[in-house]
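Text of entry39.cif, listed as mmCIF, C-alpha atoms:
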data_run
loop_
_atom_site.label_atom_id
_atom_site.label_comp_id
_atom_site.auth_asym_id
_atom_site.auth_seq_id
_atom_site.Cartn_x
_atom_site.Cartn_y
_atom_site.Cartn_z
CA MET A 1111 -6.32 -65.06 37.63
CA PRO A 1112 -6.96 -67.55 40.41
CA GLY A 1113 -3.88 -69.26 41.70
CA LEU A 1114 -1.92 -70.51 44.69
CA HIS A 1115 1.23 -68.83 46.00
CA LEU A 1116 3.34 -70.70 48.55
CA ILE A 1117 5.82 -68.50 50.40
CA ALA A 1118 8.37 -69.63 52.95
CA GLU A 1119 11.35 -68.66 54.97
CA LEU A 1120 13.55 -71.63 55.82
CA HIS A 1121 15.83 -71.25 58.82
CA GLY A 1122 18.61 -73.50 60.05
CA CYS A 1123 18.89 -75.51 56.85
CA ARG A 1124 20.69 -78.76 57.64
CA CYS A 1125 21.35 -79.74 54.02
CA SER A 1126 24.85 -79.76 52.57
CA LEU A 1127 26.31 -76.27 52.50
CA HIS A 1128 27.06 -76.88 48.83
CA LEU A 1129 23.36 -76.83 48.02
CA LEU A 1130 23.07 -73.33 49.50
CA ASN A 1131 26.28 -72.10 47.93
CA ASN A 1132 26.55 -73.70 44.52
CA VAL A 1133 24.35 -72.25 41.83
CA ALA A 1134 24.56 -75.34 39.63
CA LEU A 1135 23.35 -77.64 42.39
CA LEU A 1136 20.56 -75.27 43.34
CA GLN A 1137 19.45 -74.85 39.74
CA ASP A 1138 19.44 -78.58 39.12
CA LEU A 1139 17.37 -79.19 42.25
CA CYS A 1140 14.80 -76.57 41.32
CA LEU A 1141 14.47 -77.64 37.71
CA ALA A 1142 14.24 -81.34 38.50
CA THR A 1143 11.76 -80.79 41.31
CA CYS A 1144 9.45 -78.72 39.13
CA SER A 1145 9.60 -81.18 36.26
CA THR A 1146 9.04 -84.31 38.31
CA SER A 1147 6.17 -82.71 40.19
CA GLY A 1148 4.18 -82.06 37.04
CA LEU A 1149 4.99 -78.40 36.56
CA THR A 1150 6.28 -77.06 33.22
CA PRO A 1151 9.53 -75.08 33.22
CA VAL A 1152 9.88 -72.80 30.22
CA GLY A 1153 13.19 -71.27 31.29
CA LEU A 1154 15.40 -70.46 34.25
CA LEU A 1155 17.92 -67.92 35.39
CA PHE A 1156 20.21 -68.41 38.36
CA HIS A 1157 23.03 -66.23 39.64
CA GLN A 1158 26.05 -67.11 41.78
CA PHE A 1159 27.04 -64.62 44.46
CA GLY A 1160 30.71 -64.45 45.33
CA SER A 1161 32.94 -66.59 43.14
CA ALA A 1162 33.59 -70.24 42.41
CA ALA A 1163 36.46 -70.16 44.90
CA ALA A 1164 34.50 -68.23 47.50
CA PRO A 1165 30.79 -68.76 46.88
CA ALA A 1166 28.39 -66.59 48.86
CA GLY A 1167 24.99 -67.95 48.03
CA ALA A 1168 22.81 -68.10 44.99
CA THR A 1169 19.58 -66.69 43.71
CA GLY A 1170 17.33 -67.53 40.84
CA ALA A 1171 14.00 -68.29 39.28
CA VAL A 1172 12.43 -71.04 37.24
CA VAL A 1173 9.82 -69.53 34.94
CA LEU A 1174 6.94 -71.95 34.61
CA ALA A 1175 4.06 -72.18 32.18
CA GLU A 1176 2.07 -72.18 35.42
CA SER A 1177 3.89 -69.06 36.77
CA HIS A 1178 7.20 -69.21 38.70
CA LEU A 1179 9.49 -70.58 41.38
CA ALA A 1180 12.00 -68.23 43.01
CA VAL A 1181 14.74 -69.27 45.40
CA HIS A 1182 17.26 -67.20 47.33
CA THR A 1183 19.90 -68.61 49.67
CA TRP A 1184 22.02 -67.18 52.47
CA PRO A 1185 24.49 -69.94 53.30
CA GLU A 1186 26.16 -67.89 56.02
CA ALA A 1187 22.84 -67.90 57.87
CA ARG A 1188 21.74 -71.29 56.56
CA ALA A 1189 18.59 -69.54 55.37
CA VAL A 1190 16.52 -69.89 52.21
CA THR A 1191 13.44 -68.11 50.92
CA LEU A 1192 11.09 -69.90 48.55
CA ASP A 1193 8.23 -68.64 46.38
CA LEU A 1194 6.19 -70.99 44.27
CA TYR A 1195 3.24 -69.45 42.46
CA VAL A 1196 0.98 -71.43 40.17
CA CYS A 1197 -1.92 -69.95 38.29
CA ASN A 1198 -4.94 -72.21 38.05
CA PHE A 1199 -6.20 -70.70 34.83
CA SER A 1200 -7.13 -73.70 32.74
CA GLN A 1201 -6.51 -76.41 35.31
CA ASP A 1202 -5.84 -76.69 39.03
CA ASN A 1203 -2.07 -76.92 39.50
CA SER A 1204 -2.22 -76.78 43.29
CA ALA A 1205 -1.41 -80.44 43.87
CA ALA A 1206 1.68 -80.25 41.66
CA ALA A 1207 2.77 -77.10 43.45
CA ARG A 1208 2.37 -78.66 46.87
CA LEU A 1209 4.34 -81.71 45.77
CA ALA A 1210 7.19 -79.60 44.40
CA TRP A 1211 7.08 -77.47 47.50
CA GLN A 1212 7.45 -80.39 49.86
CA CYS A 1213 10.33 -81.82 47.82
CA LEU A 1214 12.18 -78.52 48.02
CA VAL A 1215 11.61 -78.06 51.72
CA ASP A 1216 12.76 -81.63 52.35
CA ALA A 1217 15.91 -81.01 50.30
CA PHE A 1218 16.90 -78.01 52.40
CA ALA A 1219 15.98 -79.77 55.67
CA PRO A 1220 15.27 -76.61 57.67
CA HIS A 1221 15.15 -76.59 61.43
CA ARG A 1222 12.31 -74.06 61.24
CA VAL A 1223 9.96 -73.06 58.43
CA VAL A 1224 7.63 -70.08 58.26
CA VAL A 1225 5.06 -70.74 55.53
CA ARG A 1226 2.31 -68.57 54.14
CA GLU A 1227 -0.20 -69.52 51.49
CA LEU A 1228 -1.87 -66.85 49.40
CA GLN A 1229 -4.80 -67.29 47.10
CA ARG A 1230 -3.92 -65.21 44.06
CA GLY A 1231 -6.27 -63.38 41.78
CA LEU A 1232 -9.98 -63.05 41.80
CA PRO A 1233 -12.65 -64.90 39.88
CA GLY A 1234 -13.36 -63.06 36.67
CA PRO A 1235 -15.40 -63.51 33.53
CA PRO A 1236 -14.58 -66.50 31.31
CA VAL A 1237 -11.75 -65.85 28.90
CA ALA A 1238 -10.51 -67.72 25.88
CA ARG A 1239 -7.95 -70.38 26.65
CA ARG A 1240 -4.43 -69.28 25.95
CA THR A 1241 -2.92 -70.80 22.83
CA GLY A 1242 0.59 -72.07 22.30
CA GLY A 1243 0.43 -75.32 24.23
CA GLU A 1244 2.56 -74.09 27.07
CA SER A 1245 0.16 -72.15 29.20
CA ASP A 1246 -1.34 -73.38 32.43
CA MET B 1150 16.12 -62.54 56.01
CA PRO B 1151 14.02 -59.44 56.50
CA GLY B 1152 12.50 -58.07 53.34
CA LEU B 1153 9.49 -56.58 51.63
CA HIS B 1154 7.34 -58.48 49.15
CA LEU B 1155 4.82 -56.53 47.08
CA ILE B 1156 2.16 -58.68 45.44
CA ALA B 1157 -0.56 -57.51 43.10
CA GLU B 1158 -3.25 -58.56 40.72
CA LEU B 1159 -3.94 -55.92 38.08
CA HIS B 1160 -7.34 -56.03 36.39
CA GLY B 1161 -8.63 -54.13 33.39
CA CYS B 1162 -5.22 -52.97 32.22
CA ARG B 1163 -5.71 -50.01 29.88
CA CYS B 1164 -2.17 -49.99 28.50
CA SER B 1165 -1.42 -50.95 24.91
CA LEU B 1166 -2.27 -54.57 24.26
CA HIS B 1167 1.24 -54.94 22.86
CA LEU B 1168 2.70 -54.48 26.34
CA LEU B 1169 0.69 -57.44 27.59
CA ASN B 1170 1.36 -59.57 24.54
CA ASN B 1171 4.89 -58.83 23.43
CA VAL B 1172 7.64 -60.42 25.48
CA ALA B 1173 10.30 -57.97 24.27
CA LEU B 1174 8.29 -54.93 25.35
CA LEU B 1175 7.46 -56.48 28.69
CA GLN B 1176 11.05 -57.48 29.32
CA ASP B 1177 12.36 -54.03 28.42
CA LEU B 1178 9.85 -52.37 30.74
CA CYS B 1179 10.73 -54.63 33.66
CA LEU B 1180 14.47 -54.33 33.22
CA ALA B 1181 14.45 -50.57 32.75
CA THR B 1182 12.09 -50.03 35.67
CA CYS B 1183 14.24 -52.06 38.03
CA SER B 1184 17.44 -50.37 36.93
CA THR B 1185 16.16 -46.82 37.07
CA SER B 1186 14.58 -47.40 40.48
CA GLY B 1187 17.86 -48.34 42.08
CA LEU B 1188 17.50 -52.11 42.03
CA THR B 1189 20.23 -54.36 40.60
CA PRO B 1190 19.24 -56.86 37.90
CA VAL B 1191 21.66 -59.78 37.63
CA GLY B 1192 19.72 -61.61 34.93
CA LEU B 1193 16.31 -62.14 33.41
CA LEU B 1194 14.26 -64.80 31.71
CA PHE B 1195 11.05 -64.09 29.81
CA HIS B 1196 8.88 -66.41 27.75
CA GLN B 1197 6.40 -65.66 24.98
CA PHE B 1198 3.18 -67.64 24.95
CA GLY B 1199 1.62 -68.27 21.57
CA SER B 1200 3.73 -67.10 18.64
CA ALA B 1201 4.98 -63.89 17.11
CA ALA B 1202 2.03 -63.96 14.72
CA ALA B 1203 -0.48 -64.88 17.40
CA PRO B 1204 0.91 -63.83 20.78
CA ALA B 1205 -0.96 -65.03 23.85
CA GLY B 1206 0.73 -63.28 26.72
CA ALA B 1207 4.11 -63.41 28.34
CA THR B 1208 5.69 -64.45 31.57
CA GLY B 1209 9.05 -63.86 33.14
CA ALA B 1210 11.31 -62.86 35.96
CA VAL B 1211 14.08 -60.38 36.59
CA VAL B 1212 16.51 -61.85 39.08
CA LEU B 1213 17.82 -59.07 41.29
CA ALA B 1214 20.74 -58.84 43.66
CA GLU B 1215 17.99 -57.76 46.05
CA SER B 1216 15.78 -60.81 45.20
CA HIS B 1217 13.30 -60.84 42.24
CA LEU B 1218 10.56 -59.36 40.12
CA ALA B 1219 8.07 -61.72 38.45
CA VAL B 1220 5.44 -60.70 35.94
CA HIS B 1221 2.72 -62.73 34.22
CA THR B 1222 0.22 -61.33 31.72
CA TRP B 1223 -3.15 -62.49 30.39
CA PRO B 1224 -3.89 -60.11 27.53
CA GLU B 1225 -7.21 -61.78 26.76
CA ALA B 1226 -8.37 -60.76 30.23
CA ARG B 1227 -6.27 -57.59 30.36
CA ALA B 1228 -4.85 -58.96 33.60
CA VAL B 1229 -1.33 -58.94 35.07
CA THR B 1230 0.16 -60.35 38.24
CA LEU B 1231 3.22 -58.73 39.78
CA ASP B 1232 5.60 -59.89 42.48
CA LEU B 1233 8.47 -57.72 43.64
CA TYR B 1234 10.47 -59.04 46.54
CA VAL B 1235 13.48 -57.24 47.97
CA CYS B 1236 15.56 -58.52 50.81
CA ASN B 1237 16.79 -55.87 53.19
CA PHE B 1238 19.84 -57.79 54.26
CA SER B 1239 22.61 -55.21 54.16
CA GLN B 1240 20.50 -52.15 53.37
CA ASP B 1241 16.84 -51.20 53.21
CA ASN B 1242 15.71 -51.56 49.60
CA SER B 1243 12.06 -50.84 50.33
CA ALA B 1244 12.03 -47.35 48.82
CA ALA B 1245 13.55 -48.59 45.56
CA ALA B 1246 11.03 -51.44 45.47
CA ARG B 1247 8.10 -49.10 45.99
CA LEU B 1248 9.37 -46.78 43.27
CA ALA B 1249 9.75 -49.63 40.78
CA TRP B 1250 6.38 -50.96 41.80
CA GLN B 1251 4.58 -47.71 41.15
CA CYS B 1252 6.26 -47.32 37.76
CA LEU B 1253 5.12 -50.79 36.75
CA VAL B 1254 1.57 -50.30 37.93
CA ASP B 1255 1.42 -46.96 36.13
CA ALA B 1256 2.69 -48.59 32.92
CA PHE B 1257 -0.10 -51.19 32.94
CA ALA B 1258 -2.75 -48.60 33.90
CA PRO B 1259 -5.12 -51.05 35.58
CA HIS B 1260 -8.72 -50.23 36.27
CA ARG B 1261 -8.49 -52.17 39.52
CA VAL B 1262 -5.51 -53.32 41.60
CA VAL B 1263 -5.46 -55.77 44.47
CA VAL B 1264 -2.23 -55.26 46.41
CA ARG B 1265 -0.77 -57.14 49.33
CA GLU B 1266 2.44 -56.36 51.18
CA LEU B 1267 4.27 -59.07 53.06
CA GLN B 1268 7.11 -58.61 55.46
CA ARG B 1269 9.50 -61.44 54.63
CA GLY B 1270 11.79 -63.26 56.96
CA LEU B 1271 12.43 -62.87 60.61
CA PRO B 1272 15.17 -61.06 62.47
CA GLY B 1273 18.04 -63.41 63.08
CA PRO B 1274 21.52 -63.28 64.53
CA PRO B 1275 24.05 -61.06 62.76
CA VAL B 1276 25.76 -62.72 59.83
CA ALA B 1277 28.78 -61.82 57.78
CA ARG B 1278 28.04 -59.57 54.84
CA ARG B 1279 27.85 -61.42 51.57
CA THR B 1280 30.87 -60.94 49.36
CA GLY B 1281 31.02 -60.45 45.62
CA GLY B 1282 29.76 -56.90 45.35
CA GLU B 1283 26.38 -57.87 43.96
CA SER B 1284 24.40 -58.81 47.01
CA ASP B 1285 21.76 -56.65 48.63
#
For this file, produce the structure as structure tokens.
Amino acid sequence: MPGLHLIAELHGCRCSLHLLNNVALLQDLCLATCSTSGLTPVGLLFHQFGSAAAPAGATGAVVLAESHLAVHTWPEARAVTLDLYVCNFSQDNSAAARLAWQCLVDAFAPHRVVVRELQRGLPGPPVARRTGGESD
Amino acid sequence: MPGLHLIAELHGCRCSLHLLNNVALLQDLCLATCSTSGLTPVGLLFHQFGSAAAPAGATGAVVLAESHLAVHTWPEARAVTLDLYVCNFSQDNSAAARLAWQCLVDAFAPHRVVVRELQRGLPGPPVARRTGGESD
């Protein structure tokens, strides 16, 4: 399926260390950013490394009707990796993805960003539109 | 952080249509494959498109201590996209990722696979090992 996959390594993140360390903050940022950018979260799963008293980063994914966002943080290195993949099956979600992407990068305020964009999938024969009202 | 990201589009999947359509089957496959390959699931979130009576594909992610697996299916096109990203922060998880990857591809039995491998991250200064016993 055709789609856009934005991939980045963020180095030297100048945001609050809490954002890199606290799973609740990270989860809230990711969910709010997806929603306000026009993407459609259908669920999320985040995991806290370390403990509440001694957090050691967080990792997680927001599953989207359009595909997914995945975020992993290394607060000790002030590093973050981001993956945002949107399928453009029944509509072009690229603009929403780029908006969400920029909001996330701005939130982490990295000193250096390495970004790659992949075009996903290949054109194929027409297929019936997915039912259920939640697909892309 | 250095890591390996395996990305694929699977076309013409000759597996049972149930595997592409049924979120429980897909979730079980992904979780079991990660676990038996030596990866460390810390959570998962899968979503069924359509309904139980009229399924229309599934989408989801297994969040790993090593990073993540994301899977999206389009049964009407017999297509699947796979993303398996492992960080090699404190050990090289590439072999486990490749093993899991091959098991997943074999399970979907695609007629055609488009695979890309990305090296993630950049070498950085040494950092303290993450605590909590669940990191990569």
Which residues are close to Trp1211 in chain A, i.e. within 10 Å by all atoms listed in the file, leaving aside same-chain residues fewer than 3 positions away? Reply as JSON, numbers by chain. {"A": [1116, 1117, 1118, 1140, 1143, 1144, 1147, 1179, 1192, 1193, 1194, 1205, 1206, 1207, 1208, 1214, 1215, 1216, 1217]}
Would you mind aligning chain B to chain A, a least-squares fit over all C-alpha atoms taken in order, and returning the superposed chain as a PDB file with C-alpha atoms, keeping the file's coordinate frame?
ATOM      1  CA  MET B1150      -6.301 -65.073  37.639  1.00  0.00           C
ATOM      2  CA  PRO B1151      -6.952 -67.544  40.419  1.00  0.00           C
ATOM      3  CA  GLY B1152      -3.871 -69.269  41.725  1.00  0.00           C
ATOM      4  CA  LEU B1153      -1.930 -70.513  44.707  1.00  0.00           C
ATOM      5  CA  HIS B1154       1.218 -68.840  46.000  1.00  0.00           C
ATOM      6  CA  LEU B1155       3.329 -70.695  48.557  1.00  0.00           C
ATOM      7  CA  ILE B1156       5.809 -68.502  50.410  1.00  0.00           C
ATOM      8  CA  ALA B1157       8.362 -69.633  52.949  1.00  0.00           C
ATOM      9  CA  GLU B1158      11.358 -68.651  54.965  1.00  0.00           C
ATOM     10  CA  LEU B1159      13.546 -71.631  55.826  1.00  0.00           C
ATOM     11  CA  HIS B1160      15.837 -71.267  58.834  1.00  0.00           C
ATOM     12  CA  GLY B1161      18.622 -73.506  60.059  1.00  0.00           C
ATOM     13  CA  CYS B1162      18.894 -75.507  56.855  1.00  0.00           C
ATOM     14  CA  ARG B1163      20.697 -78.765  57.638  1.00  0.00           C
ATOM     15  CA  CYS B1164      21.358 -79.744  54.027  1.00  0.00           C
ATOM     16  CA  SER B1165      24.857 -79.753  52.568  1.00  0.00           C
ATOM     17  CA  LEU B1166      26.313 -76.271  52.495  1.00  0.00           C
ATOM     18  CA  HIS B1167      27.071 -76.875  48.824  1.00  0.00           C
ATOM     19  CA  LEU B1168      23.354 -76.822  48.025  1.00  0.00           C
ATOM     20  CA  LEU B1169      23.074 -73.340  49.494  1.00  0.00           C
ATOM     21  CA  ASN B1170      26.283 -72.094  47.933  1.00  0.00           C
ATOM     22  CA  ASN B1171      26.553 -73.702  44.530  1.00  0.00           C
ATOM     23  CA  VAL B1172      24.352 -72.239  41.827  1.00  0.00           C
ATOM     24  CA  ALA B1173      24.565 -75.344  39.624  1.00  0.00           C
ATOM     25  CA  LEU B1174      23.340 -77.646  42.390  1.00  0.00           C
ATOM     26  CA  LEU B1175      20.561 -75.273  43.337  1.00  0.00           C
ATOM     27  CA  GLN B1176      19.462 -74.843  39.746  1.00  0.00           C
ATOM     28  CA  ASP B1177      19.446 -78.588  39.112  1.00  0.00           C
ATOM     29  CA  LEU B1178      17.374 -79.203  42.237  1.00  0.00           C
ATOM     30  CA  CYS B1179      14.809 -76.560  41.317  1.00  0.00           C
ATOM     31  CA  LEU B1180      14.474 -77.638  37.711  1.00  0.00           C
ATOM     32  CA  ALA B1181      14.236 -81.338  38.490  1.00  0.00           C
ATOM     33  CA  THR B1182      11.764 -80.776  41.312  1.00  0.00           C
ATOM     34  CA  CYS B1183       9.458 -78.712  39.136  1.00  0.00           C
ATOM     35  CA  SER B1184       9.605 -81.166  36.261  1.00  0.00           C
ATOM     36  CA  THR B1185       9.054 -84.298  38.298  1.00  0.00           C
ATOM     37  CA  SER B1186       6.170 -82.700  40.192  1.00  0.00           C
ATOM     38  CA  GLY B1187       4.183 -82.056  37.055  1.00  0.00           C
ATOM     39  CA  LEU B1188       4.996 -78.390  36.565  1.00  0.00           C
ATOM     40  CA  THR B1189       6.277 -77.056  33.227  1.00  0.00           C
ATOM     41  CA  PRO B1190       9.530 -75.071  33.237  1.00  0.00           C
ATOM     42  CA  VAL B1191       9.874 -72.783  30.220  1.00  0.00           C
ATOM     43  CA  GLY B1192      13.182 -71.263  31.294  1.00  0.00           C
ATOM     44  CA  LEU B1193      15.388 -70.457  34.244  1.00  0.00           C
ATOM     45  CA  LEU B1194      17.906 -67.903  35.387  1.00  0.00           C
ATOM     46  CA  PHE B1195      20.211 -68.405  38.362  1.00  0.00           C
ATOM     47  CA  HIS B1196      23.036 -66.233  39.643  1.00  0.00           C
ATOM     48  CA  GLN B1197      26.036 -67.100  41.795  1.00  0.00           C
ATOM     49  CA  PHE B1198      27.037 -64.613  44.460  1.00  0.00           C
ATOM     50  CA  GLY B1199      30.707 -64.463  45.332  1.00  0.00           C
ATOM     51  CA  SER B1200      32.920 -66.618  43.127  1.00  0.00           C
ATOM     52  CA  ALA B1201      33.567 -70.261  42.405  1.00  0.00           C
ATOM     53  CA  ALA B1202      36.441 -70.172  44.886  1.00  0.00           C
ATOM     54  CA  ALA B1203      34.498 -68.236  47.496  1.00  0.00           C
ATOM     55  CA  PRO B1204      30.782 -68.757  46.880  1.00  0.00           C
ATOM     56  CA  ALA B1205      28.395 -66.586  48.867  1.00  0.00           C
ATOM     57  CA  GLY B1206      24.985 -67.945  48.042  1.00  0.00           C
ATOM     58  CA  ALA B1207      22.810 -68.092  44.990  1.00  0.00           C
ATOM     59  CA  THR B1208      19.589 -66.679  43.709  1.00  0.00           C
ATOM     60  CA  GLY B1209      17.333 -67.522  40.827  1.00  0.00           C
ATOM     61  CA  ALA B1210      14.003 -68.280  39.280  1.00  0.00           C
ATOM     62  CA  VAL B1211      12.415 -71.030  37.247  1.00  0.00           C
ATOM     63  CA  VAL B1212       9.828 -69.526  34.943  1.00  0.00           C
ATOM     64  CA  LEU B1213       6.936 -71.946  34.615  1.00  0.00           C
ATOM     65  CA  ALA B1214       4.057 -72.187  32.195  1.00  0.00           C
ATOM     66  CA  GLU B1215       2.070 -72.186  35.434  1.00  0.00           C
ATOM     67  CA  SER B1216       3.870 -69.042  36.770  1.00  0.00           C
ATOM     68  CA  HIS B1217       7.197 -69.203  38.723  1.00  0.00           C
ATOM     69  CA  LEU B1218       9.485 -70.578  41.382  1.00  0.00           C
ATOM     70  CA  ALA B1219      12.000 -68.223  43.019  1.00  0.00           C
ATOM     71  CA  VAL B1220      14.728 -69.264  45.414  1.00  0.00           C
ATOM     72  CA  HIS B1221      17.274 -67.193  47.339  1.00  0.00           C
ATOM     73  CA  THR B1222      19.898 -68.619  49.694  1.00  0.00           C
ATOM     74  CA  TRP B1223      22.029 -67.175  52.494  1.00  0.00           C
ATOM     75  CA  PRO B1224      24.488 -69.946  53.314  1.00  0.00           C
ATOM     76  CA  GLU B1225      26.164 -67.900  56.036  1.00  0.00           C
ATOM     77  CA  ALA B1226      22.847 -67.899  57.886  1.00  0.00           C
ATOM     78  CA  ARG B1227      21.740 -71.296  56.578  1.00  0.00           C
ATOM     79  CA  ALA B1228      18.601 -69.536  55.380  1.00  0.00           C
ATOM     80  CA  VAL B1229      16.516 -69.885  52.204  1.00  0.00           C
ATOM     81  CA  THR B1230      13.439 -68.114  50.919  1.00  0.00           C
ATOM     82  CA  LEU B1231      11.078 -69.895  48.550  1.00  0.00           C
ATOM     83  CA  ASP B1232       8.240 -68.632  46.393  1.00  0.00           C
ATOM     84  CA  LEU B1233       6.180 -70.988  44.273  1.00  0.00           C
ATOM     85  CA  TYR B1234       3.250 -69.458  42.476  1.00  0.00           C
ATOM     86  CA  VAL B1235       0.971 -71.426  40.179  1.00  0.00           C
ATOM     87  CA  CYS B1236      -1.923 -69.962  38.306  1.00  0.00           C
ATOM     88  CA  ASN B1237      -4.940 -72.205  38.051  1.00  0.00           C
ATOM     89  CA  PHE B1238      -6.192 -70.697  34.842  1.00  0.00           C
ATOM     90  CA  SER B1239      -7.094 -73.703  32.725  1.00  0.00           C
ATOM     91  CA  GLN B1240      -6.500 -76.416  35.318  1.00  0.00           C
ATOM     92  CA  ASP B1241      -5.832 -76.682  39.034  1.00  0.00           C
ATOM     93  CA  ASN B1242      -2.071 -76.921  39.518  1.00  0.00           C
ATOM     94  CA  SER B1243      -2.221 -76.773  43.303  1.00  0.00           C
ATOM     95  CA  ALA B1244      -1.404 -80.442  43.880  1.00  0.00           C
ATOM     96  CA  ALA B1245       1.684 -80.253  41.665  1.00  0.00           C
ATOM     97  CA  ALA B1246       2.772 -77.075  43.455  1.00  0.00           C
ATOM     98  CA  ARG B1247       2.389 -78.659  46.872  1.00  0.00           C
ATOM     99  CA  LEU B1248       4.345 -81.714  45.761  1.00  0.00           C
ATOM    100  CA  ALA B1249       7.202 -79.602  44.403  1.00  0.00           C
ATOM    101  CA  TRP B1250       7.098 -77.479  47.509  1.00  0.00           C
ATOM    102  CA  GLN B1251       7.464 -80.401  49.866  1.00  0.00           C
ATOM    103  CA  CYS B1252      10.345 -81.831  47.837  1.00  0.00           C
ATOM    104  CA  LEU B1253      12.175 -78.518  48.024  1.00  0.00           C
ATOM    105  CA  VAL B1254      11.615 -78.069  51.728  1.00  0.00           C
ATOM    106  CA  ASP B1255      12.762 -81.636  52.346  1.00  0.00           C
ATOM    107  CA  ALA B1256      15.920 -81.016  50.293  1.00  0.00           C
ATOM    108  CA  PHE B1257      16.907 -78.003  52.414  1.00  0.00           C
ATOM    109  CA  ALA B1258      16.001 -79.782  55.681  1.00  0.00           C
ATOM    110  CA  PRO B1259      15.280 -76.626  57.672  1.00  0.00           C
ATOM    111  CA  HIS B1260      15.140 -76.592  61.425  1.00  0.00           C
ATOM    112  CA  ARG B1261      12.321 -74.063  61.251  1.00  0.00           C
ATOM    113  CA  VAL B1262       9.966 -73.057  58.427  1.00  0.00           C
ATOM    114  CA  VAL B1263       7.641 -70.089  58.258  1.00  0.00           C
ATOM    115  CA  VAL B1264       5.067 -70.750  55.539  1.00  0.00           C
ATOM    116  CA  ARG B1265       2.324 -68.579  54.143  1.00  0.00           C
ATOM    117  CA  GLU B1266      -0.209 -69.515  51.489  1.00  0.00           C
ATOM    118  CA  LEU B1267      -1.866 -66.846  49.401  1.00  0.00           C
ATOM    119  CA  GLN B1268      -4.801 -67.286  47.114  1.00  0.00           C
ATOM    120  CA  ARG B1269      -3.927 -65.201  44.065  1.00  0.00           C
ATOM    121  CA  GLY B1270      -6.269 -63.371  41.795  1.00  0.00           C
ATOM    122  CA  LEU B1271      -9.983 -63.061  41.797  1.00  0.00           C
ATOM    123  CA  PRO B1272     -12.627 -64.894  39.825  1.00  0.00           C
ATOM    124  CA  GLY B1273     -13.321 -63.042  36.628  1.00  0.00           C
ATOM    125  CA  PRO B1274     -15.399 -63.493  33.512  1.00  0.00           C
ATOM    126  CA  PRO B1275     -14.579 -66.478  31.303  1.00  0.00           C
ATOM    127  CA  VAL B1276     -11.768 -65.849  28.860  1.00  0.00           C
ATOM    128  CA  ALA B1277     -10.525 -67.722  25.846  1.00  0.00           C
ATOM    129  CA  ARG B1278      -7.966 -70.386  26.626  1.00  0.00           C
ATOM    130  CA  ARG B1279      -4.434 -69.297  25.925  1.00  0.00           C
ATOM    131  CA  THR B1280      -2.960 -70.803  22.795  1.00  0.00           C
ATOM    132  CA  GLY B1281       0.529 -72.122  22.212  1.00  0.00           C
ATOM    133  CA  GLY B1282       0.371 -75.347  24.170  1.00  0.00           C
ATOM    134  CA  GLU B1283       2.527 -74.097  27.013  1.00  0.00           C
ATOM    135  CA  SER B1284       0.132 -72.159  29.161  1.00  0.00           C
ATOM    136  CA  ASP B1285      -1.333 -73.382  32.420  1.00  0.00           C
TER     137      ASP B1285
END
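Using only C-alpha atoms for every distance, the candidate list A:Leu1127, A:Ala1162, A:Ala1180, A:Ala1189 yields A:Ala1189 as the residue closest to His1221 in chain A.
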Point-to-point distance from CA of Gly1187 in chain B to CA of Ala1249 in chain B, Å rounded to tenths: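 Atom-to-atom, CA of Gly1187 in chain B and CA of Ala1249 in chain B are spaced 8.3 Å apart.
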Between A:Arg1188, A:His1121, A:His1157, A:Arg1226, which residue has the minimum interatomic distance to Gly1170 in chain A, considering all atoms listed in the file?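 For Gly1170 in chain A, the nearest of the candidates is A:His1157.
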Within 10 Å of (-2.1, -69.5, 43.4) (file coordinates; only C-alpha atoms), which protein or nucleic acid residues are there? I'd like them as number ranges by chain. A: 1111-1116, 1176-1177, 1194-1199, 1202-1204, 1207, 1227-1231
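You can rank B:Ala1214, B:Leu1188, B:Leu1178, B:Leu1169 by their closest distance to Leu1248 in chain B using all atoms listed in the file, and at the top of that list sits B:Leu1188.
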Would you mind completing range 1196-1203 of chain A to N, CA and C atoms and writing the output as an mmCIF file, in the frame of the given file?
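Heads up, here's the output in selection_13.cif:
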data_model
loop_
_atom_site.group_PDB
_atom_site.id
_atom_site.type_symbol
_atom_site.label_atom_id
_atom_site.label_comp_id
_atom_site.auth_asym_id
_atom_site.auth_seq_id
_atom_site.Cartn_x
_atom_site.Cartn_y
_atom_site.Cartn_z
ATOM 1 N N VAL A 1196 1.590 -70.786 41.338
ATOM 2 C CA VAL A 1196 0.980 -71.430 40.170
ATOM 3 C C VAL A 1196 -0.385 -70.804 39.924
ATOM 4 N N CYS A 1197 -0.604 -70.419 38.706
ATOM 5 C CA CYS A 1197 -1.920 -69.950 38.290
ATOM 6 C C CYS A 1197 -2.765 -71.182 37.975
ATOM 7 N N ASN A 1198 -4.018 -71.106 38.337
ATOM 8 C CA ASN A 1198 -4.940 -72.210 38.050
ATOM 9 C C ASN A 1198 -5.944 -71.762 36.996
ATOM 10 N N PHE A 1199 -5.406 -71.336 35.883
ATOM 11 C CA PHE A 1199 -6.200 -70.700 34.830
ATOM 12 C C PHE A 1199 -7.051 -71.734 34.086
ATOM 13 N N SER A 1200 -6.380 -72.706 33.518
ATOM 14 C CA SER A 1200 -7.130 -73.700 32.740
ATOM 15 C C SER A 1200 -7.186 -75.056 33.427
ATOM 16 N N GLN A 1201 -6.413 -75.202 34.492
ATOM 17 C CA GLN A 1201 -6.510 -76.410 35.310
ATOM 18 C C GLN A 1201 -5.950 -76.083 36.687
ATOM 19 N N ASP A 1202 -6.287 -76.918 37.658
ATOM 20 C CA ASP A 1202 -5.840 -76.690 39.030
ATOM 21 C C ASP A 1202 -4.453 -77.314 39.208
ATOM 22 N N ASN A 1203 -3.452 -76.459 39.360
ATOM 23 C CA ASN A 1203 -2.070 -76.920 39.500
ATOM 24 C C ASN A 1203 -1.625 -76.979 40.973
#
